[in-house]
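To start, the structure itself, in structure tokens.
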Amino acid sequence: MSDRPLTMPLALVLALAVIVTLFPVFWIVMTAIKPPTDWNAVPAIWVPGEPTLVNFRTLFDPEALGVYGVGGVSEAATQAVFGSLLASIVATALSVGIGLAAAIAISRYSGGGRATPLVILSGRMFPPAAIAVPFVIIFSTIGLIDTYFGLIAIYIAVTLPFSTWMLKSFVDEVPKEVEEAAMIDGMTRVKAHLTVTIPLIKGGLFATTLFIFILNWSEFLFALVLSYTTIETIPVRLAKYVTATAGTLYGVQAALAVLAMIPLVIAGFLIQNHLARGMTFGAVKR
Amino acid sequence: MTQPKLELVALRKEYDGGDVVAVDGIDLTVERGETVALLGPSGCGKSTTLNMIVGLEEPTAGDIHIDGRSVIGLAPGKRNIGLVFQDYAVFTHMTVAKNLSFGLEIGGLPRSEITRRVGEAAELLGLSSLLKEKAAYLGGSQLQRVAIGRTLVTQPAILLLDEPLSNLEAEARQAMRRELRRLQGKIGLTIIYVTHDQTEALSLADRIAVMSAGKIRQYDRTSTVYGDPAHVFVAGFIGSPSMNLVRGEIRRDGPAISFISDQLQVPLPSRFAGVAPGHGEPVIFGIRPENIMITRPGHPGVTGIVSSVEPRGPEAIVTVRSGNKSLDVVVPAADRPARGDEVVLRIPADHIVLFSGETDRNLSLSPILGAAA
């Protein structure tokens with residue numbers, strides 16, 4: 001980091017970047033605390049005069065929802081929050097775990113030959129929508145539709161190329177000699193991976209985990225087409241706050257969106273240092 | 001000294017199912033307490049040899065004996081060998097102290113013993129004040145000392161060093177070389193040192209094994225490798241500037257014998273009469289640049305024109321063209337001729353070396369002497 005003073009043009013660019021990044025967040029948070037009359041007000045009300053938590057209450061109160069006459073949803077959003085947490089956490093853990101094993105296998109043992117990384121990446125070489133419909137049919141047939149098991153399986157399949165590739169680049173950065181040094185000291189190969197390789201890519205591991213978690217947490221398409229009544233996630237739920245009489249319930253939507261942001265913001269702050277290190281891993285002294 | 005510390009027997013390593021031969025059947029014996037340098041250009045198989053000794057790679061054929069016992073198939077951690085890597089292989093996520101104690105903790109030594117040995121090693125290598133430091137914040141020569149330290153604490157029977165100084169800057173390299181020599185004297189380890197830098201090999205090793213293309217070309221005392229190269233490769237590789245090597249043939253005229261290559265003709269001393277091949281047979285003529293003397297025209301010798309002069313501090317390397325052959329000569333900088341001067345080169349008979357044009361081997365050394373000692 002240089003200690004160069006922040007010049008005027010630099011400060012302007014920075015301010016612009018911050019505004020562009022944070023404006024949607026600001027708008028969502030403001031909408032979440034607006035009373036229903038302010039949601040669609042023209043001209044727009046930027047900061048509500050009387051902030052309220054009514055939207056959050058509506059989320060978890062079926063009777064309050066009933067007032068708006070929401071057709072699709074009559075029960076609390078609890079299930080969606082639970083569903084998102086379950087699917088995202090489990091799928092992320094497994095994707096990163098399997099990806100890490102694959103990354104070490106490819107980087108250290110040339111596992112599966114030279115083409116393996118590309119073959120794994122080929123899973124991402126078409127738009128997810130292209131496989132959504134076939135998967136609805138397949139999952140209906142084998143009874144995986146509308147189950148968390150099925151949704152998690154899809155999430156792992158979709159994110160695994162990312163986790164493998166990201167982690168592979170981090171493992172590649174670790175000189176294989178440090179593992180060999182540990183082996184000469186008497187460790188087995190596997191133990192050397194556990195005690196030396198993995199701690200050395202900790203930053204990368206955190207960065208990858210957060211990235212995969214964001215992908216899973218915000219995934220909409222598969223969650224929509226693979227769920228009927230048993231399972232639900234936050235993004236799917238968000239789309240359901242549309243009523244025949246009161247239009248889209250922007251405030252309620254915003255409230256749920258704000259809730260959905262919280263875990264990411266907390267995680268982001270917690271691993272901030274590791275994240276910066278993970279993203280600039282190539283600069284680490286060897 | 002009855003039993004060698006380490007013995008390599010017809011050691012061979014192939015890759016890609018035999019398409020690439022990295023190490024082509026080498027024999028090497030290292031005595032207890034000896035420092036041996038494996039010297040050669042990159043890709044000559046020296047690092048592969050080291051990896052096989054330590055157990056990171058399995059040989060395709062041949063055997064490795066340590067203290068008379070074969071270690072083939074033994075895990076790297078069970079061979080009691082330390083290896084210091086070129087890139088240090090220090091665990092940057094740990095402190096210096098933790099790095100030093102790592103191997104001992106795996107070995108399950110009692111805490112007090114670990115502390116004692118780490119303290120000793122830190123003292124020996126001047127790392128005592130850095131013990132609590134994270135290794136990620138150390139500089140090159142400090143990292144190198146940690147790398148050596150973490151190997152030394154495990155008290156290996158043999159210490160292997162793989163180009164340990166090549167990542168250091170010139171000054172740090174000098175200092176580290178002195179330090180290694182000091183360590184050598186102090187702990188009397190058996191050391192095998194891999195390097196492509198002949199200065200390092202000449203200054204640290206008791207014996208040098210010069211390798212090229214997976215083979216050991218010569219394995220001998222340091223001074224012998226320099227003075228009596230057994231193979232054309234060794235002659236060309238050791239010494240800077242390297243030995244003048246000219247391909248030509250033998251001319252015999254009664255008892256007189258000489259070397260001839262186009263216009264270049266050099267009479268050979270009688271000691272070659274018995275070992276040199278017959279009239280017209282191919283040989284390679286060798287003479288070190290520092291052994292040739294430059295004189296003025298009119299004197300007997302090889303006449304030529306100075307084609308380039310390269311000053312090198314107190315000395316200068318003068319390239320003299322005679323016909324279509326060039327010879328390098330080292331002269332004191334003050335006595336150097338100018339480009340285009342006509343000069344006569346005097347080639348002292350004592351320093352001439354002849355190699356077979358067919359086998360590239362030194363004709364004056366018996367084949368057995370010339371191979372691995």
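Order determines the names: the first chain of the structure tokens is A, the second B, and so forth; residues in each chain are numbered 1 upward, and ligands are numbered 1 upward as they are shown.
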
Check: which chain B residues lie within 9 Å of chain A using only C-alpha atoms, as a PyMOL selection string
chain B and resi 54-56+75-93+102-104+106-107+136-137+151+154

Long-range neighbours of A:Glu219 as a list in words, 9 Å cut-off, only C-alpha atoms, 2 positions minimum in chain:
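Once the nearby chain positions are removed, what remains is Tyr155, Ile214, Leu215, Asn216, Trp217, Leu221, Phe222, Ala223, Thr233, Pro235 and Val236 of chain A.
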
Those residues you just picked out, can you put them in a file as an mmCIF file, in the first residue's frame with C-alpha atoms?
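Contents of result_36.cif, as written:
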data_model
loop_
_atom_site.group_PDB
_atom_site.id
_atom_site.type_symbol
_atom_site.label_atom_id
_atom_site.label_comp_id
_atom_site.auth_asym_id
_atom_site.auth_seq_id
_atom_site.Cartn_x
_atom_site.Cartn_y
_atom_site.Cartn_z
ATOM 1 C CA TYR A 155 -25.910 -26.423 -6.455
ATOM 2 C CA ILE A 214 -22.932 -15.936 -2.588
ATOM 3 C CA LEU A 215 -23.614 -17.932 -5.756
ATOM 4 C CA ASN A 216 -25.758 -20.433 -3.865
ATOM 5 C CA TRP A 217 -27.452 -17.892 -1.644
ATOM 6 C CA LEU A 221 -33.533 -20.317 -11.500
ATOM 7 C CA PHE A 222 -32.984 -23.846 -10.181
ATOM 8 C CA ALA A 223 -34.628 -23.047 -6.874
ATOM 9 C CA THR A 233 -35.427 -20.350 -0.806
ATOM 10 C CA PRO A 235 -34.855 -15.591 -3.944
ATOM 11 C CA VAL A 236 -37.894 -17.673 -4.914
#

Could you give me the residues within stretch 73-113 of chain B that DSSP places in strand (DSSP E or B), as JSON, numbers by chain?
{"B": [81, 82, 83, 84, 95]}

With all heavy atoms retained, could you export that selection as a PDB file, in the first residue's frame?
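Listed below is the output, part_33.pdb:
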ATOM      1  N   ILE B  81      17.631 -38.203   6.338  1.00  0.00           N
ATOM      2  CA  ILE B  81      18.338 -37.313   5.436  1.00  0.00           C
ATOM      3  C   ILE B  81      17.640 -35.959   5.480  1.00  0.00           C
ATOM      4  O   ILE B  81      16.421 -35.898   5.517  1.00  0.00           O
ATOM      5  CB  ILE B  81      18.281 -37.843   3.983  1.00  0.00           C
ATOM      6  CG1 ILE B  81      18.988 -39.182   3.899  1.00  0.00           C
ATOM      7  CG2 ILE B  81      18.922 -36.845   3.026  1.00  0.00           C
ATOM      8  CD1 ILE B  81      18.974 -39.775   2.518  1.00  0.00           C
ATOM      9  N   GLY B  82      18.421 -34.901   5.516  1.00  0.00           N
ATOM     10  CA  GLY B  82      17.831 -33.563   5.453  1.00  0.00           C
ATOM     11  C   GLY B  82      18.037 -32.987   4.069  1.00  0.00           C
ATOM     12  O   GLY B  82      19.067 -33.222   3.451  1.00  0.00           O
ATOM     13  N   LEU B  83      17.039 -32.270   3.595  1.00  0.00           N
ATOM     14  CA  LEU B  83      17.161 -31.644   2.274  1.00  0.00           C
ATOM     15  C   LEU B  83      16.805 -30.168   2.390  1.00  0.00           C
ATOM     16  O   LEU B  83      15.737 -29.821   2.883  1.00  0.00           O
ATOM     17  CB  LEU B  83      16.247 -32.347   1.262  1.00  0.00           C
ATOM     18  CG  LEU B  83      16.118 -31.697  -0.123  1.00  0.00           C
ATOM     19  CD1 LEU B  83      17.465 -31.535  -0.799  1.00  0.00           C
ATOM     20  CD2 LEU B  83      15.201 -32.521  -1.009  1.00  0.00           C
ATOM     21  N   VAL B  84      17.709 -29.320   1.955  1.00  0.00           N
ATOM     22  CA  VAL B  84      17.421 -27.887   1.903  1.00  0.00           C
ATOM     23  C   VAL B  84      17.125 -27.533   0.456  1.00  0.00           C
ATOM     24  O   VAL B  84      17.946 -27.753  -0.423  1.00  0.00           O
ATOM     25  CB  VAL B  84      18.615 -27.059   2.422  1.00  0.00           C
ATOM     26  CG1 VAL B  84      18.322 -25.575   2.276  1.00  0.00           C
ATOM     27  CG2 VAL B  84      18.901 -27.404   3.868  1.00  0.00           C
ATOM     28  N   THR B  95       5.807 -19.297  12.651  1.00  0.00           N
ATOM     29  CA  THR B  95       6.925 -18.487  13.135  1.00  0.00           C
ATOM     30  C   THR B  95       8.230 -19.227  12.863  1.00  0.00           C
ATOM     31  O   THR B  95       8.231 -20.414  12.538  1.00  0.00           O
ATOM     32  CB  THR B  95       6.823 -18.249  14.650  1.00  0.00           C
ATOM     33  OG1 THR B  95       6.885 -19.520  15.300  1.00  0.00           O
ATOM     34  CG2 THR B  95       5.540 -17.542  15.027  1.00  0.00           C
TER      35      THR B  95
END

Taking the DSSP secondary structure from the backbone, can you list the residues of stretch 136-209 of chain B that are helix (DSSP H, G or I), as a ChimeraX atom specification?
/B:136-137,140-152,170-187,198-204

Can you pull out every residue within 12 Å of A:Ala254, counting only C-alpha atoms, but drop anything in the same chain fewer than 6 positions away, and send it as a list in words?
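Neighbouring residues, sequence-local ones excluded: Pro24, Val25, Phe26, Trp27, Ile28, Val29, Met30, Thr31, Ala32, Ile33, Lys34, Pro35, Pro36, Trp39, Leu53, Val54, Asn55, Phe56, Thr58, Leu59, Ile234, Pro235, Arg237, Leu238, Ala239, Tyr241, Thr248, Ala260 and Met261 of chain A.
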
Export, as a PDB file, in the first residue's frame, the selected residues with N, CA and C atoms.
ATOM      1  N   PRO A  24     -27.948   0.988  -4.681  1.00  0.00           N
ATOM      2  CA  PRO A  24     -29.003  -0.028  -4.584  1.00  0.00           C
ATOM      3  C   PRO A  24     -29.205  -0.510  -3.152  1.00  0.00           C
ATOM      4  N   VAL A  25     -28.097  -0.620  -2.425  1.00  0.00           N
ATOM      5  CA  VAL A  25     -28.203  -1.051  -1.035  1.00  0.00           C
ATOM      6  C   VAL A  25     -28.984  -0.013  -0.236  1.00  0.00           C
ATOM      7  N   PHE A  26     -28.632   1.236  -0.436  1.00  0.00           N
ATOM      8  CA  PHE A  26     -29.333   2.327   0.244  1.00  0.00           C
ATOM      9  C   PHE A  26     -30.832   2.292  -0.069  1.00  0.00           C
ATOM     10  N   TRP A  27     -31.149   2.133  -1.324  1.00  0.00           N
ATOM     11  CA  TRP A  27     -32.557   2.157  -1.761  1.00  0.00           C
ATOM     12  C   TRP A  27     -33.340   1.000  -1.151  1.00  0.00           C
ATOM     13  N   ILE A  28     -32.716  -0.182  -1.155  1.00  0.00           N
ATOM     14  CA  ILE A  28     -33.384  -1.357  -0.596  1.00  0.00           C
ATOM     15  C   ILE A  28     -33.645  -1.164   0.893  1.00  0.00           C
ATOM     16  N   VAL A  29     -32.616  -0.691   1.609  1.00  0.00           N
ATOM     17  CA  VAL A  29     -32.775  -0.521   3.052  1.00  0.00           C
ATOM     18  C   VAL A  29     -33.858   0.513   3.343  1.00  0.00           C
ATOM     19  N   MET A  30     -33.855   1.615   2.580  1.00  0.00           N
ATOM     20  CA  MET A  30     -34.869   2.659   2.783  1.00  0.00           C
ATOM     21  C   MET A  30     -36.264   2.118   2.499  1.00  0.00           C
ATOM     22  N   THR A  31     -36.394   1.393   1.403  1.00  0.00           N
ATOM     23  CA  THR A  31     -37.707   0.852   1.054  1.00  0.00           C
ATOM     24  C   THR A  31     -38.208  -0.099   2.140  1.00  0.00           C
ATOM     25  N   ALA A  32     -37.273  -0.854   2.707  1.00  0.00           N
ATOM     26  CA  ALA A  32     -37.659  -1.829   3.724  1.00  0.00           C
ATOM     27  C   ALA A  32     -38.274  -1.161   4.939  1.00  0.00           C
ATOM     28  N   ILE A  33     -37.875   0.081   5.219  1.00  0.00           N
ATOM     29  CA  ILE A  33     -38.422   0.742   6.415  1.00  0.00           C
ATOM     30  C   ILE A  33     -39.462   1.816   6.067  1.00  0.00           C
ATOM     31  N   LYS A  34     -39.981   1.751   4.810  1.00  0.00           N
ATOM     32  CA  LYS A  34     -41.031   2.695   4.433  1.00  0.00           C
ATOM     33  C   LYS A  34     -42.401   2.090   4.724  1.00  0.00           C
ATOM     34  N   PRO A  35     -43.342   2.907   5.184  1.00  0.00           N
ATOM     35  CA  PRO A  35     -44.723   2.423   5.283  1.00  0.00           C
ATOM     36  C   PRO A  35     -45.293   2.224   3.876  1.00  0.00           C
ATOM     37  N   PRO A  36     -46.295   1.349   3.704  1.00  0.00           N
ATOM     38  CA  PRO A  36     -46.822   0.997   2.387  1.00  0.00           C
ATOM     39  C   PRO A  36     -47.151   2.206   1.518  1.00  0.00           C
ATOM     40  N   TRP A  39     -44.068   3.398  -0.609  1.00  0.00           N
ATOM     41  CA  TRP A  39     -43.347   2.494  -1.518  1.00  0.00           C
ATOM     42  C   TRP A  39     -43.261   3.032  -2.935  1.00  0.00           C
ATOM     43  N   LEU A  53     -41.052  -0.769  11.048  1.00  0.00           N
ATOM     44  CA  LEU A  53     -40.615  -2.158  10.880  1.00  0.00           C
ATOM     45  C   LEU A  53     -41.762  -3.035  10.410  1.00  0.00           C
ATOM     46  N   VAL A  54     -42.830  -2.375   9.952  1.00  0.00           N
ATOM     47  CA  VAL A  54     -44.036  -3.136   9.615  1.00  0.00           C
ATOM     48  C   VAL A  54     -43.767  -4.168   8.520  1.00  0.00           C
ATOM     49  N   ASN A  55     -42.885  -3.827   7.595  1.00  0.00           N
ATOM     50  CA  ASN A  55     -42.602  -4.762   6.498  1.00  0.00           C
ATOM     51  C   ASN A  55     -41.969  -6.050   7.010  1.00  0.00           C
ATOM     52  N   PHE A  56     -41.062  -5.882   7.978  1.00  0.00           N
ATOM     53  CA  PHE A  56     -40.412  -7.072   8.548  1.00  0.00           C
ATOM     54  C   PHE A  56     -41.432  -7.935   9.282  1.00  0.00           C
ATOM     55  N   THR A  58     -44.585  -8.094   8.638  1.00  0.00           N
ATOM     56  CA  THR A  58     -45.442  -8.720   7.632  1.00  0.00           C
ATOM     57  C   THR A  58     -44.828 -10.025   7.117  1.00  0.00           C
ATOM     58  N   LEU A  59     -43.476  -9.997   6.988  1.00  0.00           N
ATOM     59  CA  LEU A  59     -42.775 -11.175   6.458  1.00  0.00           C
ATOM     60  C   LEU A  59     -43.122 -12.430   7.243  1.00  0.00           C
ATOM     61  N   ILE A 234     -34.967 -18.030  -0.324  1.00  0.00           N
ATOM     62  CA  ILE A 234     -35.279 -16.602  -0.259  1.00  0.00           C
ATOM     63  C   ILE A 234     -35.505 -15.982  -1.648  1.00  0.00           C
ATOM     64  N   PRO A 235     -34.623 -16.222  -2.624  1.00  0.00           N
ATOM     65  CA  PRO A 235     -34.855 -15.591  -3.944  1.00  0.00           C
ATOM     66  C   PRO A 235     -36.195 -15.982  -4.550  1.00  0.00           C
ATOM     67  N   ARG A 237     -38.855 -16.909  -2.868  1.00  0.00           N
ATOM     68  CA  ARG A 237     -39.860 -16.254  -2.046  1.00  0.00           C
ATOM     69  C   ARG A 237     -40.036 -14.779  -2.442  1.00  0.00           C
ATOM     70  N   LEU A 238     -38.907 -14.140  -2.725  1.00  0.00           N
ATOM     71  CA  LEU A 238     -38.941 -12.713  -3.079  1.00  0.00           C
ATOM     72  C   LEU A 238     -39.865 -12.450  -4.260  1.00  0.00           C
ATOM     73  N   ALA A 239     -39.890 -13.405  -5.178  1.00  0.00           N
ATOM     74  CA  ALA A 239     -40.676 -13.209  -6.400  1.00  0.00           C
ATOM     75  C   ALA A 239     -42.167 -13.402  -6.158  1.00  0.00           C
ATOM     76  N   TYR A 241     -44.100 -12.013  -3.769  1.00  0.00           N
ATOM     77  CA  TYR A 241     -44.864 -10.952  -3.118  1.00  0.00           C
ATOM     78  C   TYR A 241     -45.539 -10.058  -4.145  1.00  0.00           C
ATOM     79  N   THR A 248     -47.142  -5.168  -6.513  1.00  0.00           N
ATOM     80  CA  THR A 248     -45.974  -5.774  -5.873  1.00  0.00           C
ATOM     81  C   THR A 248     -45.748  -5.149  -4.506  1.00  0.00           C
ATOM     82  N   ALA A 260     -31.703 -10.975   3.795  1.00  0.00           N
ATOM     83  CA  ALA A 260     -30.832 -11.873   3.034  1.00  0.00           C
ATOM     84  C   ALA A 260     -29.407 -11.337   2.943  1.00  0.00           C
ATOM     85  N   MET A 261     -29.284 -10.012   3.018  1.00  0.00           N
ATOM     86  CA  MET A 261     -27.951  -9.404   2.913  1.00  0.00           C
ATOM     87  C   MET A 261     -27.126  -9.617   4.172  1.00  0.00           C
TER      88      MET A 261
END

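Residue neighbourhood of A:Lys168, excluding near-sequence residues (fewer than 6 positions): Ala103, Ile104 and Ser107 of chain A, at 7 Å, using only C-alpha atoms.
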
Keeping N, CA and C atoms for every residue in the selection just given, could you write it to a file as a PDB file, in the first residue's frame?
ATOM      1  N   ALA A 103      -8.752 -29.884  -6.452  1.00  0.00           N
ATOM      2  CA  ALA A 103      -7.689 -28.921  -6.758  1.00  0.00           C
ATOM      3  C   ALA A 103      -6.324 -29.505  -6.402  1.00  0.00           C
ATOM      4  N   ILE A 104      -6.240 -30.133  -5.229  1.00  0.00           N
ATOM      5  CA  ILE A 104      -4.967 -30.733  -4.817  1.00  0.00           C
ATOM      6  C   ILE A 104      -4.615 -31.889  -5.749  1.00  0.00           C
ATOM      7  N   SER A 107      -3.513 -30.293  -9.083  1.00  0.00           N
ATOM      8  CA  SER A 107      -2.289 -29.515  -8.988  1.00  0.00           C
ATOM      9  C   SER A 107      -1.088 -30.376  -8.627  1.00  0.00           C
TER      10      SER A 107
END

For each of A:Ala157, A:Ile89, A:Ala102, A:Val133, take the minimum atom-to-atom distance to A:Ile145, counting only C-alpha atoms, then give the residue where this is smallest.
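The closest residue to A:Ile145 is A:Val133.
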
Exercise: B:Gln3 partners within 10 Å, only C-alpha atoms, chain neighbours under 3 positions left out, as a ChimeraX atom specification
/B:6-7,29-32,66-68

Counting only C-alpha atoms, the residue of B:Pro311, B:Gly304, B:Gly73, B:Gly278 that sits nearest B:Leu327:
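Nearest to B:Leu327: B:Gly304.
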